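Engineer: This is run_23.csv (CSV, C-alpha atoms).
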chain,number,residue,atom,x,y,z
A,9,MET,CA,-43.9,76.4,123.2
A,10,GLN,CA,-40.4,77.0,122.0
A,11,PRO,CA,-37.8,74.2,121.6
A,12,GLY,CA,-36.2,73.6,124.9
A,13,ALA,CA,-39.0,75.3,126.8
A,14,TRP,CA,-39.7,72.2,128.9
A,15,VAL,CA,-36.1,72.2,130.1
A,16,ALA,CA,-36.3,75.8,131.0
A,17,CYS,CA,-39.6,75.2,132.8
A,18,GLY,CA,-37.9,72.7,135.0
A,19,VAL,CA,-35.2,75.3,135.7
A,20,VAL,CA,-37.6,78.1,136.5
A,21,LEU,CA,-39.8,75.8,138.6
A,22,ALA,CA,-36.8,75.3,140.9
A,23,LEU,CA,-35.7,78.9,140.8
A,24,VAL,CA,-39.0,80.8,140.8
A,25,GLY,CA,-41.3,78.1,142.3
A,26,CYS,CA,-44.2,78.7,139.9
A,27,GLY,CA,-46.6,76.4,138.0
A,28,THR,CA,-46.0,74.8,134.7
A,29,PRO,CA,-46.1,77.4,132.0
A,30,SER,CA,-48.7,77.4,129.2
A,31,GLY,CA,-47.6,80.4,127.3
A,32,SER,CA,-46.9,80.3,123.6
A,33,GLY,CA,-43.6,81.0,121.9
A,34,PRO,CA,-42.0,84.4,121.4
A,35,GLY,CA,-43.8,87.1,119.5
A,36,PRO,CA,-44.6,90.8,119.4
A,37,LEU,CA,-46.7,92.3,122.1
A,38,ALA,CA,-50.4,91.7,121.3
A,39,PRO,CA,-53.3,93.8,122.5
A,40,GLY,CA,-54.1,93.4,126.2
A,41,GLY,CA,-57.1,92.0,127.8
A,42,ALA,CA,-56.0,88.7,129.4
A,43,GLY,CA,-57.7,88.0,132.7
A,44,GLY,CA,-60.4,90.5,132.4
A,45,HIS,CA,-58.2,93.6,132.9
A,46,GLU,CA,-58.7,96.8,130.8
A,47,VAL,CA,-58.5,96.0,127.1
A,48,THR,CA,-56.5,98.5,125.0
A,49,PRO,CA,-54.6,98.1,121.7
A,50,SER,CA,-50.9,97.7,122.6
A,51,PRO,CA,-48.7,100.5,121.4
A,52,PHE,CA,-45.6,98.8,122.8
A,53,ALA,CA,-43.1,96.1,121.7
A,54,LEU,CA,-40.3,94.1,123.1
A,55,THR,CA,-37.2,94.7,121.0
A,56,GLY,CA,-34.3,92.2,121.2
A,57,VAL,CA,-31.1,94.0,122.1
A,58,ALA,CA,-28.9,91.0,123.0
A,59,ASP,CA,-29.1,87.2,123.0
A,60,GLY,CA,-27.1,84.0,123.8
A,61,PHE,CA,-27.8,83.8,127.5
A,62,PRO,CA,-29.4,80.4,128.0
A,63,PHE,CA,-31.3,80.0,131.3
A,64,LEU,CA,-30.9,83.7,132.0
A,65,THR,CA,-32.0,84.5,135.6
A,66,ASP,CA,-31.3,88.2,136.3
A,67,ILE,CA,-30.2,91.4,134.5
A,68,GLN,CA,-28.8,94.5,136.1
A,69,PRO,CA,-27.3,97.8,134.7
A,70,VAL,CA,-23.6,98.3,135.4
A,71,PRO,CA,-23.1,101.5,137.3
A,72,ALA,CA,-21.4,104.3,135.4
A,73,GLN,CA,-21.6,102.2,132.2
A,74,PRO,CA,-24.9,103.3,130.5
A,75,SER,CA,-24.6,100.9,127.5
A,76,ILE,CA,-23.5,97.9,129.6
A,77,LEU,CA,-25.8,95.3,131.2
A,78,ALA,CA,-24.7,92.5,133.5
A,79,VAL,CA,-26.5,89.1,133.1
A,80,SER,CA,-26.6,86.0,135.3
A,81,THR,CA,-27.5,82.5,134.2
A,82,ASN,CA,-28.5,79.3,135.9
A,83,GLY,CA,-25.1,77.8,135.3
A,84,GLY,CA,-23.5,80.1,137.9
A,85,VAL,CA,-22.1,82.5,135.3
A,86,LEU,CA,-22.2,86.3,135.6
A,87,SER,CA,-21.4,88.2,132.4
A,88,TRP,CA,-21.5,91.6,130.8
A,89,VAL,CA,-22.8,92.6,127.4
A,90,SER,CA,-22.5,95.9,125.5
A,91,LEU,CA,-25.7,97.1,123.9
A,92,ALA,CA,-23.6,99.4,121.7
A,93,ASP,CA,-21.5,96.7,119.8
A,94,GLY,CA,-22.6,93.3,121.3
A,95,SER,CA,-19.2,92.6,122.9
A,96,ARG,CA,-19.3,90.5,126.0
A,97,ALA,CA,-17.3,88.6,128.6
A,98,ASP,CA,-17.7,86.6,131.7
A,99,VAL,CA,-17.1,88.2,135.1
A,100,LEU,CA,-17.7,85.2,137.4
A,101,GLN,CA,-18.1,81.5,137.2
A,102,ILE,CA,-19.0,79.8,140.5
A,103,PRO,CA,-17.2,76.5,140.2
A,104,GLU,CA,-19.3,74.5,142.8
A,105,ILE,CA,-22.5,74.9,140.7
A,106,ASP,CA,-23.0,71.6,138.7
A,107,ASP,CA,-26.7,70.9,139.0
A,108,PRO,CA,-29.6,72.3,137.0
A,109,ARG,CA,-31.4,73.3,140.2
A,110,GLU,CA,-28.4,75.4,141.2
A,111,GLY,CA,-27.4,78.8,140.0
A,112,ILE,CA,-27.3,82.5,140.5
A,113,LEU,CA,-30.7,83.9,141.6
A,114,GLY,CA,-29.9,87.6,141.8
A,115,PHE,CA,-27.1,90.0,142.1
A,116,ALA,CA,-26.4,93.7,142.9
A,117,PHE,CA,-23.5,96.0,142.5
A,118,HIS,CA,-22.5,98.2,145.4
A,119,PRO,CA,-24.2,101.6,145.1
A,120,LYS,CA,-20.7,103.3,145.0
A,121,PHE,CA,-19.4,101.0,142.3
A,122,PRO,CA,-16.8,101.4,140.7
A,123,ALA,CA,-15.2,103.2,143.7
A,124,ASP,CA,-16.3,100.2,145.8
A,125,ARG,CA,-15.8,97.3,143.4
A,126,ARG,CA,-17.9,94.7,145.2
A,127,VAL,CA,-20.7,92.8,143.5
A,128,PHE,CA,-23.1,90.8,145.8
A,129,VAL,CA,-24.5,87.5,144.5
A,130,HIS,CA,-27.3,85.3,145.8
A,131,TYR,CA,-26.9,81.7,144.5
A,132,MET,CA,-28.0,78.2,145.2
A,133,VAL,CA,-25.4,75.4,145.5
A,134,GLY,CA,-24.9,72.0,146.9
A,135,SER,CA,-22.7,71.4,149.9
A,136,PRO,CA,-21.5,68.4,151.9
A,137,ASN,CA,-24.3,69.1,154.4
A,138,GLY,CA,-27.0,69.6,151.8
A,139,ASP,CA,-28.2,72.3,149.5
A,140,VAL,CA,-27.7,75.9,150.6
A,141,SER,CA,-28.8,79.4,149.6
A,142,ARG,CA,-25.8,81.7,149.9
A,143,ILE,CA,-25.2,85.4,149.6
A,144,SER,CA,-21.6,86.4,149.0
A,145,SER,CA,-19.6,89.5,147.9
A,146,PHE,CA,-16.9,89.3,145.2
A,147,ASP,CA,-14.3,91.9,144.3
A,148,VAL,CA,-14.5,92.9,140.6
A,149,SER,CA,-11.1,93.8,139.1
A,150,ALA,CA,-10.7,96.8,136.8
A,151,GLY,CA,-11.4,96.0,133.2
A,152,THR,CA,-13.2,97.3,130.0
A,153,PRO,CA,-15.9,97.6,131.2
A,154,LEU,CA,-15.5,94.9,133.9
A,155,GLY,CA,-12.7,92.6,134.9
A,156,THR,CA,-13.1,89.3,136.8
A,157,ALA,CA,-14.7,88.7,140.2
A,158,ALA,CA,-12.8,86.9,142.9
A,159,ASP,CA,-12.1,86.9,146.7
A,160,GLU,CA,-15.5,85.6,147.8
A,161,LYS,CA,-16.7,86.6,151.2
A,162,ILE,CA,-19.8,84.7,152.4
A,163,LEU,CA,-22.3,86.9,154.2
A,164,VAL,CA,-25.4,84.7,154.7
A,165,GLU,CA,-25.9,80.9,154.2
A,166,LEU,CA,-29.1,79.0,154.8
A,167,GLU,CA,-29.6,75.3,154.5
A,168,TRP,CA,-32.7,74.3,152.4
A,169,PRO,CA,-35.5,72.6,154.2
A,170,LEU,CA,-36.9,71.6,150.7
A,171,PRO,CA,-35.3,72.3,147.2
A,172,ASP,CA,-37.5,75.1,146.0
A,173,HIS,CA,-39.1,78.5,146.9
A,174,ASP,CA,-35.7,80.2,147.4
A,175,GLY,CA,-36.6,83.8,146.6
A,176,GLY,CA,-33.3,85.3,145.4
A,177,ALA,CA,-33.4,88.9,144.6
A,178,LEU,CA,-30.9,91.4,145.8
A,179,ALA,CA,-31.0,95.2,145.7
A,180,PHE,CA,-29.5,98.2,147.4
A,181,GLY,CA,-32.1,100.6,148.7
A,182,PRO,CA,-31.9,104.4,148.5
A,183,ASP,CA,-30.6,104.2,152.1
A,184,GLY,CA,-27.5,102.3,151.0
A,185,MET,CA,-28.5,99.1,152.7
A,186,LEU,CA,-28.6,95.7,151.0
A,187,TYR,CA,-32.0,94.1,150.9
A,188,ALA,CA,-32.2,90.3,150.3
A,189,ALA,CA,-35.3,88.2,149.7
A,190,PHE,CA,-35.7,84.6,150.9
A,191,GLY,CA,-38.6,82.3,150.1
A,192,ASP,CA,-40.1,79.8,152.6
A,193,GLY,CA,-37.9,77.0,151.4
A,194,GLY,CA,-40.9,74.8,150.5
A,195,HIS,CA,-41.4,72.7,147.4
A,196,GLY,CA,-44.2,72.9,144.8
A,197,LEU,CA,-47.4,73.3,146.7
A,198,THR,CA,-45.8,72.0,149.9
A,199,PRO,CA,-45.1,75.0,152.1
A,200,THR,CA,-43.0,75.3,155.3
A,201,SER,CA,-44.0,77.3,158.4
A,202,LYS,CA,-40.7,79.1,158.3
A,203,SER,CA,-42.1,82.3,156.9
A,204,GLN,CA,-43.8,82.8,160.3
A,205,ASP,CA,-40.9,81.7,162.4
A,206,PRO,CA,-39.3,84.9,163.8
A,207,LEU,CA,-36.0,83.1,164.5
A,208,ASP,CA,-35.5,81.9,160.9
A,209,LEU,CA,-34.6,84.0,157.8
A,210,TRP,CA,-36.6,81.8,155.3
A,211,GLY,CA,-39.7,83.6,154.1
A,212,LYS,CA,-38.3,87.0,155.0
A,213,MET,CA,-36.9,90.2,153.5
A,214,VAL,CA,-33.7,91.1,155.3
A,215,ARG,CA,-31.8,94.4,155.5
A,216,LEU,CA,-28.1,94.4,156.0
A,217,ASP,CA,-25.4,97.0,156.4
A,218,VAL,CA,-22.6,95.5,154.3
A,219,ASP,CA,-20.2,98.4,154.8
A,220,ARG,CA,-19.7,97.5,158.5
A,221,THR,CA,-19.4,94.4,160.6
A,222,SER,CA,-20.7,93.5,164.0
A,223,GLY,CA,-19.0,91.0,166.3
A,224,ALA,CA,-18.8,87.7,164.5
A,225,LEU,CA,-21.2,88.8,161.7
A,226,PRO,CA,-19.7,89.7,158.3
A,227,TYR,CA,-22.3,92.6,158.2
A,228,ALA,CA,-23.9,94.9,160.7
A,229,ILE,CA,-27.6,95.2,161.7
A,230,PRO,CA,-28.9,98.7,160.8
A,231,SER,CA,-30.0,100.3,164.0
A,232,ASP,CA,-33.3,101.4,162.4
A,233,ASN,CA,-34.3,97.9,161.3
A,234,PRO,CA,-37.9,97.4,162.5
A,235,PHE,CA,-36.9,94.6,164.8
A,236,ALA,CA,-33.4,95.7,165.9
A,237,GLY,CA,-32.9,95.2,169.6
A,238,ARG,CA,-36.1,93.2,170.1
A,239,ALA,CA,-36.0,89.8,171.8
A,240,GLY,CA,-37.4,86.7,170.1
A,241,ILE,CA,-36.9,87.8,166.5
A,242,ARG,CA,-33.9,88.0,164.1
A,243,HIS,CA,-32.7,91.6,163.9
A,244,GLU,CA,-31.9,91.3,160.2
A,245,ILE,CA,-35.6,91.0,159.3
A,246,PHE,CA,-37.2,93.9,157.5
A,247,ALA,CA,-40.5,92.2,156.7
A,248,LEU,CA,-41.9,88.6,156.9
A,249,GLY,CA,-44.6,86.3,155.7
A,250,PHE,CA,-43.4,85.7,152.1
A,251,ARG,CA,-43.7,82.5,150.0
A,252,ASN,CA,-41.3,83.1,147.1
A,253,PRO,CA,-40.3,86.8,146.6
A,254,TRP,CA,-38.5,86.3,143.3
A,255,ARG,CA,-38.2,90.0,142.4
A,256,PHE,CA,-38.5,93.3,144.2
A,257,SER,CA,-37.6,97.0,143.7
A,258,PHE,CA,-38.0,100.4,145.2
A,259,THR,CA,-40.3,103.2,144.1
A,260,PRO,CA,-39.0,106.8,143.8
A,261,ASP,CA,-40.1,107.6,147.3
A,262,GLY,CA,-38.2,104.5,148.7
A,263,THR,CA,-41.2,102.1,149.2
A,264,LEU,CA,-40.2,98.5,148.7
A,265,VAL,CA,-42.4,96.7,146.2
A,266,VAL,CA,-42.2,92.9,146.5
A,267,ALA,CA,-43.7,90.5,144.0
A,268,ASP,CA,-44.4,87.2,145.8
A,269,VAL,CA,-45.0,84.1,143.7
A,270,GLY,CA,-48.2,82.4,144.8
A,271,ALA,CA,-49.1,78.7,145.5
A,272,ASP,CA,-52.4,77.5,143.8
A,273,ALA,CA,-54.6,80.6,143.9
A,274,TRP,CA,-53.1,84.1,144.0
A,275,GLU,CA,-50.1,86.1,142.8
A,276,GLU,CA,-49.5,89.3,144.8
A,277,LEU,CA,-47.7,92.6,145.1
A,278,ASN,CA,-46.8,93.8,148.6
A,279,LEU,CA,-45.7,97.3,149.6
A,280,ALA,CA,-43.2,97.1,152.5
A,281,ARG,CA,-42.1,100.0,154.6
A,282,GLY,CA,-40.7,97.9,157.4
A,283,GLY,CA,-42.1,95.5,160.0
A,284,GLU,CA,-45.0,94.0,158.0
A,285,ASN,CA,-46.2,90.4,158.1
A,286,PHE,CA,-47.7,89.5,154.7
A,287,GLY,CA,-49.3,86.4,156.0
A,288,TRP,CA,-47.8,83.3,154.2
A,289,ASN,CA,-48.4,80.4,155.0
A,290,VAL,CA,-51.4,81.5,157.1
A,291,MET,CA,-52.8,83.5,154.1
A,292,GLU,CA,-52.3,83.5,150.3
A,293,GLY,CA,-53.4,86.8,148.9
A,294,ASP,CA,-56.0,88.1,151.4
A,295,ALA,CA,-57.6,84.6,151.9
A,296,CYS,CA,-56.8,81.9,154.4
A,297,TYR,CA,-54.5,79.1,153.3
A,298,PRO,CA,-55.3,76.4,152.4
A,299,PRO,CA,-58.4,77.7,150.6
A,300,GLY,CA,-61.6,77.2,152.6
A,301,SER,CA,-59.8,77.1,156.0
A,302,THR,CA,-60.1,79.6,158.8
A,303,CYS,CA,-57.1,81.5,160.2
A,304,PRO,CA,-56.0,84.2,162.5
A,305,THR,CA,-55.1,87.3,160.5
A,306,ALA,CA,-54.7,89.9,163.2
A,307,GLY,CA,-51.5,91.9,162.6
A,308,MET,CA,-51.1,90.6,159.0
A,309,THR,CA,-50.9,92.9,156.0
A,310,LYS,CA,-53.0,92.2,152.9
A,311,PRO,CA,-51.4,92.6,149.5
A,312,HIS,CA,-51.5,95.9,147.7
A,313,PHE,CA,-52.6,94.1,144.5
A,314,LYS,CA,-53.3,90.5,143.6
A,315,TYR,CA,-54.5,88.5,140.6
A,316,ALA,CA,-55.9,85.0,140.5
A,317,HIS,CA,-54.5,82.0,138.7
A,318,GLY,CA,-56.1,81.7,135.3
A,319,LYS,CA,-54.7,85.2,134.6
A,320,GLY,CA,-51.2,84.0,135.2
A,321,ALA,CA,-49.3,81.8,137.6
A,322,CYS,CA,-45.9,83.3,138.4
A,323,ILE,CA,-45.5,87.0,139.1
A,324,VAL,CA,-42.2,88.7,138.0
A,325,GLY,CA,-41.7,92.0,139.8
A,326,GLY,CA,-40.5,95.0,137.9
A,327,HIS,CA,-40.0,98.7,138.4
A,328,VAL,CA,-41.7,102.1,138.3
A,329,TYR,CA,-41.0,103.4,134.8
A,330,GLN,CA,-39.0,106.6,134.9
A,331,GLY,CA,-37.7,106.8,131.3
A,332,ALA,CA,-38.4,109.3,128.5
A,333,ARG,CA,-39.2,106.9,125.6
A,334,LEU,CA,-42.6,105.9,126.7
A,335,PRO,CA,-44.4,108.8,128.3
A,336,ALA,CA,-47.7,106.8,128.6
A,337,LEU,CA,-46.0,104.6,131.2
A,338,ARG,CA,-44.1,107.1,133.2
A,339,GLY,CA,-44.7,106.8,136.9
A,340,LEU,CA,-46.4,103.4,136.5
A,341,TYR,CA,-45.1,100.2,138.0
A,342,VAL,CA,-44.4,97.7,135.2
A,343,PHE,CA,-44.4,94.0,136.0
A,344,ALA,CA,-45.0,90.7,134.2
A,345,ASP,CA,-46.1,87.1,134.6
A,346,TYR,CA,-43.9,84.2,133.6
A,347,GLU,CA,-46.6,81.7,132.8
A,348,ARG,CA,-48.5,83.8,130.3
A,349,GLY,CA,-45.9,86.4,129.4
A,350,THR,CA,-48.3,89.2,130.2
A,351,VAL,CA,-46.8,92.7,130.9
A,352,TRP,CA,-48.9,95.1,133.0
A,353,ALA,CA,-48.5,98.7,134.2
A,354,LEU,CA,-50.0,99.6,137.6
A,355,ASP,CA,-50.5,103.0,139.3
A,356,LEU,CA,-49.4,102.1,142.8
A,357,ALA,CA,-51.1,105.2,144.2
A,358,GLY,CA,-54.4,104.5,142.5
A,359,ALA,CA,-57.2,102.1,143.1
A,360,GLY,CA,-57.9,100.9,139.6
A,361,PRO,CA,-56.8,97.7,137.8
A,362,PRO,CA,-53.5,97.6,136.0
A,363,ARG,CA,-53.2,98.4,132.3
A,364,VAL,CA,-52.3,95.5,130.1
A,365,VAL,CA,-49.2,96.7,128.2
A,366,GLY,CA,-49.4,93.5,126.1
A,367,GLU,CA,-49.2,89.8,125.8
A,368,SER,CA,-45.6,88.8,124.9
A,369,GLY,CA,-46.0,85.0,124.9
A,370,ARG,CA,-42.5,84.9,126.4
A,371,HIS,CA,-41.1,83.3,129.5
A,372,LEU,CA,-40.0,86.5,131.3
A,373,VAL,CA,-38.0,86.1,134.5
A,374,ALA,CA,-36.2,89.4,135.0
A,375,ILE,CA,-36.9,93.1,134.5
A,376,ALA,CA,-34.1,95.7,134.8
A,377,ARG,CA,-34.2,99.5,134.8
A,378,ASP,CA,-31.2,101.3,133.4
A,379,SER,CA,-29.8,104.7,134.5
A,380,ALA,CA,-32.1,106.5,132.1
A,381,GLY,CA,-35.2,104.7,133.5
A,382,GLU,CA,-35.8,102.4,130.5
A,383,LEU,CA,-36.8,98.8,131.0
A,384,TYR,CA,-35.3,95.6,129.8
A,385,PHE,CA,-36.8,92.1,130.1
A,386,GLY,CA,-35.0,88.7,130.2
A,387,ASP,CA,-36.5,85.6,128.5
A,388,ILE,CA,-35.2,82.4,130.2
A,389,VAL,CA,-36.0,80.2,127.3
A,390,SER,CA,-34.7,82.1,124.3
A,391,GLY,CA,-31.8,83.6,126.3
A,392,GLU,CA,-32.7,87.1,125.0
A,393,ILE,CA,-32.6,90.5,126.6
A,394,LEU,CA,-35.5,92.7,125.3
A,395,ARG,CA,-36.1,96.4,125.6
A,396,LEU,CA,-39.6,97.8,126.1
A,397,ASP,CA,-40.2,100.2,123.2
A,398,GLY,CA,-43.1,102.1,121.6
A,399,VAL,CA,-44.5,101.1,118.3
A,400,ASP,CA,-44.6,103.7,115.5
A,401,PRO,CA,-48.1,104.3,114.3
A,402,ALA,CA,-49.0,103.0,110.9
A,403,PRO,CA,-48.9,105.7,108.2
Let me see whether you can do it: turn the structure in this file into structure tokens.

Structural biologist:
Amino acid sequence: MQPGAWVACGVVLALVGCGTPSGSGPGPLAPGGAGGHEVTPSPFALTGVADGFPFLTDIQPVPAQPSILAVSTNGGVLSWVSLADGSRADVLQIPEIDDPREGILGFAFHPKFPADRRVFVHYMVGSPNGDVSRISSFDVSAGTPLGTAADEKILVELEWPLPDHDGGALAFGPDGMLYAAFGDGGHGLTPTSKSQDPLDLWGKMVRLDVDRTSGALPYAIPSDNPFAGRAGIRHEIFALGFRNPWRFSFTPDGTLVVADVGADAWEELNLARGGENFGWNVMEGDACYPPGSTCPTAGMTKPHFKYAHGKGACIVGGHVYQGARLPALRGLYVFADYERGTVWALDLAGAGPPRVVGESGRHLVAIARDSAGELYFGDIVSGEILRLDGVDPAP
């Protein structure tokens, strides 16, 4: 394990809510085969393209700036970095963040950026009434390529029941709506029942129209939300029954793929089209929770794919690869595991197991896709951003 890895483990335990990592230090992608999946020599590599981002939490491309990535860190800092010349600058520093458990979890630029200069940030922070999970918008001033973010407007704020399992990802869907993931608010292997509470946003995927407001709300409820207009359930909810949905993304056809970090048995990928209940904390994976118990599962949706602990212990959701550099992966959903550093590629339309892209030995916490469809990974321990590349065959 790299120097400082135990510190980073403590950070990621609070952020991602996964088990203690046992992966080795950094290294090139090795042949696959961990966990009994298909074994193939790895023709892929993770190539460092930027570094110097300790406790990195998320990476996103900057719209209309193909060589620029935005990066968030656990200290509450949002920065940009140029892949062309290495230049960089801070965009946002959230001043209230002063605890290692606090920080930016995820962020997303408005889909019309830079015409609409808002960036949306999901972060954890302490408050006089206890710790909170907060989603805010900030206006980003003009700059080269970005200026500074200011004028915070709070959209959603939830008080933590326990300091963990926060979820945190943000993304705009192809429909222009903002999707936000919240964990169950539990701690370690101690769950809450909030994921099944229809009047609570913990353990939910929510869908918001941030271009309009409704009454006292700083956003509007999309009229086609699956529970809009129904009594007895929050109308913001798009899907429910999550433990800790750390990362999610959309397929080319608009299906939402949610990677939900498991408790003590299973990691899972869920396909959400609206209105599903994925079972936590009644189920983990497709089994009753706690293991060996019996449970009512009527109306609950089983995961599209799951893997057992021993093959990994903290799933990190990725993207369907749409780039041109790696034709062998085109159309496959590429994701990873924090605990082992394994990178997989899965055919979401197929029934077979995922292909092991390789074993990185890194502590991966974020996967970004740029405007060309290429993939970048973030290592929370080394503070590096790494591009997924092919390996030239030996002469």

Engineer: Pick the closest to Leu340 in chain A from A:Pro361, A:Pro299, A:Pro153, A:Pro71: which is it, counting all atoms listed in the file?

Structural biologist: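 Of A:Pro361, A:Pro299, A:Pro153, A:Pro71, the one nearest Leu340 in chain A is A:Pro361, counting all atoms listed in the file.
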
Engineer: So which one's closest to Val365 in chain A, A:Pro169, A:Gly349, A:Pro119, A:Gly184? Using all atoms listed in the file, please.

Structural biologist: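 Checking each of A:Pro169, A:Gly349, A:Pro119, A:Gly184 against Val365 in chain A, counting all atoms listed in the file, the winner is A:Gly349.
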
Engineer: Which residues, written as a list of chain:residue names, have at least one atom at most 9 Å from Glu104 in chain A, with all atoms listed in the file counted and residues fewer than 5 positions away on the same chain left out?

Structural biologist: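 With the cut-off at 9 Å, the set is A:Gly84, A:Val133, A:Gly134, A:Ser135.
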
Engineer: For the residues in that selection, give me C-alpha atoms as a CSV table (one decimal), in the frame of the given file.

Structural biologist:
chain,number,residue,atom,x,y,z
A,84,GLY,CA,-23.5,80.1,137.9
A,133,VAL,CA,-25.4,75.4,145.5
A,134,GLY,CA,-24.9,72.0,146.9
A,135,SER,CA,-22.7,71.4,149.9

Engineer: Closest to His130 in chain A among A:Pro51, A:Gly175, A:Gly94, A:Gly240, using only C-alpha atoms?

Structural biologist: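 For His130 in chain A, the nearest of the candidates is A:Gly175.
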
Engineer: Separation of CA of Ala78 in chain A and CA of Thr65 in chain A, in Å?

Structural biologist: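 Between these atoms lies a distance of 11.0 Å.
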
Engineer: Would you list the contacts of Leu113 in chain A as a list in words, taking every protein, DNA or RNA residue within 9 Å and counting all atoms listed in the file, but skipping same-chain residues closer than 2 positions in sequence?

Structural biologist: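 Listing them by chain and then by number gives Leu23, Val24, Thr65, Asp66, Ser80, Thr81, Asn82, Gly84, Glu110, Gly111, Phe115, Val129, His130, Tyr131, Met132, Asp174, Gly175, Gly176, Ala177, Leu178 and Trp254 of chain A.
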
Engineer: Give me the residues near range 341-345 of chain A as a short mmCIF file (atom, residue, chain, number, x, y, z; two decimals) with C-alpha atoms, in the frame of the given file, where near means some atom within 10 Å (using only C-alpha atoms) and where sequence neighbours in that chain fewer than 5 positions away do not count.

Structural biologist:
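The resulting file, out-v9.cif, is shown below:
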data_model
loop_
_atom_site.label_atom_id
_atom_site.label_comp_id
_atom_site.auth_asym_id
_atom_site.auth_seq_id
_atom_site.Cartn_x
_atom_site.Cartn_y
_atom_site.Cartn_z
CA ARG A 255 -38.20 90.00 142.40
CA SER A 257 -37.60 97.00 143.70
CA THR A 259 -40.30 103.20 144.10
CA VAL A 265 -42.40 96.70 146.20
CA ALA A 267 -43.70 90.50 144.00
CA VAL A 269 -45.00 84.10 143.70
CA GLU A 275 -50.10 86.10 142.80
CA LEU A 277 -47.70 92.60 145.10
CA LYS A 319 -54.70 85.20 134.60
CA GLY A 320 -51.20 84.00 135.20
CA ALA A 321 -49.30 81.80 137.60
CA CYS A 322 -45.90 83.30 138.40
CA ILE A 323 -45.50 87.00 139.10
CA VAL A 324 -42.20 88.70 138.00
CA GLY A 325 -41.70 92.00 139.80
CA GLY A 326 -40.50 95.00 137.90
CA HIS A 327 -40.00 98.70 138.40
CA VAL A 328 -41.70 102.10 138.30
CA TYR A 329 -41.00 103.40 134.80
CA GLN A 330 -39.00 106.60 134.90
CA THR A 350 -48.30 89.20 130.20
CA VAL A 351 -46.80 92.70 130.90
CA TRP A 352 -48.90 95.10 133.00
CA ALA A 353 -48.50 98.70 134.20
CA LEU A 354 -50.00 99.60 137.60
CA ASP A 355 -50.50 103.00 139.30
CA LEU A 356 -49.40 102.10 142.80
CA ALA A 357 -51.10 105.20 144.20
CA PRO A 362 -53.50 97.60 136.00
CA ARG A 363 -53.20 98.40 132.30
CA VAL A 364 -52.30 95.50 130.10
CA VAL A 365 -49.20 96.70 128.20
CA GLY A 366 -49.40 93.50 126.10
CA GLU A 367 -49.20 89.80 125.80
CA SER A 368 -45.60 88.80 124.90
CA GLY A 369 -46.00 85.00 124.90
CA ARG A 370 -42.50 84.90 126.40
CA HIS A 371 -41.10 83.30 129.50
CA LEU A 372 -40.00 86.50 131.30
CA VAL A 373 -38.00 86.10 134.50
CA ALA A 374 -36.20 89.40 135.00
CA ILE A 375 -36.90 93.10 134.50
CA LEU A 383 -36.80 98.80 131.00
CA PHE A 385 -36.80 92.10 130.10
#

Engineer: Which residues, written as a list in words, have at least one atom at most 12 Å from Arg96 in chain A, with only C-alpha atoms counted and residues fewer than 3 positions away on the same chain left out?

Structural biologist: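 In the requested format, the answer is Ala58, Asp59, Gly60, Phe61, Ser75, Ile76, Leu77, Ala78, Val79, Leu86, Ser87, Trp88, Val89, Ser90, Leu91, Ala92, Asp93, Val99, Thr152, Pro153, Leu154 and Gly155 of chain A.
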
Engineer: Keeping C-alpha atoms for every residue in the selection just given, could you write it to a file as a PDB file, in the coordinates of the input?

Structural biologist:
ATOM      1  CA  ALA A  58     -28.900  91.000 123.000  1.00  0.00           C
ATOM      2  CA  ASP A  59     -29.100  87.200 123.000  1.00  0.00           C
ATOM      3  CA  GLY A  60     -27.100  84.000 123.800  1.00  0.00           C
ATOM      4  CA  PHE A  61     -27.800  83.800 127.500  1.00  0.00           C
ATOM      5  CA  SER A  75     -24.600 100.900 127.500  1.00  0.00           C
ATOM      6  CA  ILE A  76     -23.500  97.900 129.600  1.00  0.00           C
ATOM      7  CA  LEU A  77     -25.800  95.300 131.200  1.00  0.00           C
ATOM      8  CA  ALA A  78     -24.700  92.500 133.500  1.00  0.00           C
ATOM      9  CA  VAL A  79     -26.500  89.100 133.100  1.00  0.00           C
ATOM     10  CA  LEU A  86     -22.200  86.300 135.600  1.00  0.00           C
ATOM     11  CA  SER A  87     -21.400  88.200 132.400  1.00  0.00           C
ATOM     12  CA  TRP A  88     -21.500  91.600 130.800  1.00  0.00           C
ATOM     13  CA  VAL A  89     -22.800  92.600 127.400  1.00  0.00           C
ATOM     14  CA  SER A  90     -22.500  95.900 125.500  1.00  0.00           C
ATOM     15  CA  LEU A  91     -25.700  97.100 123.900  1.00  0.00           C
ATOM     16  CA  ALA A  92     -23.600  99.400 121.700  1.00  0.00           C
ATOM     17  CA  ASP A  93     -21.500  96.700 119.800  1.00  0.00           C
ATOM     18  CA  VAL A  99     -17.100  88.200 135.100  1.00  0.00           C
ATOM     19  CA  THR A 152     -13.200  97.300 130.000  1.00  0.00           C
ATOM     20  CA  PRO A 153     -15.900  97.600 131.200  1.00  0.00           C
ATOM     21  CA  LEU A 154     -15.500  94.900 133.900  1.00  0.00           C
ATOM     22  CA  GLY A 155     -12.700  92.600 134.900  1.00  0.00           C
TER      23      GLY A 155
END

Engineer: CA of Glu392 in chain A and CA of Gln68 in chain A are how many Å apart?

Structural biologist: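 Result for CA of Glu392 in chain A versus CA of Gln68 in chain A: 13.9 Å, one decimal.
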
Engineer: Have a look at CA of Arg125 in chain A and CA of Leu264 in chain A and let me know their distance in Å, one decimal.

Structural biologist: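 Calculated distance between CA of Arg125 in chain A and CA of Leu264 in chain A is 25.0 Å.
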
Engineer: I'd like to know which of A:Ala188, A:Tyr384, A:Val140, A:Gly282 is closest to Ala116 in chain A, using only C-alpha atoms.

Structural biologist: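 Once distances to Ala116 in chain A are computed over only C-alpha atoms, the minimum belongs to A:Ala188.
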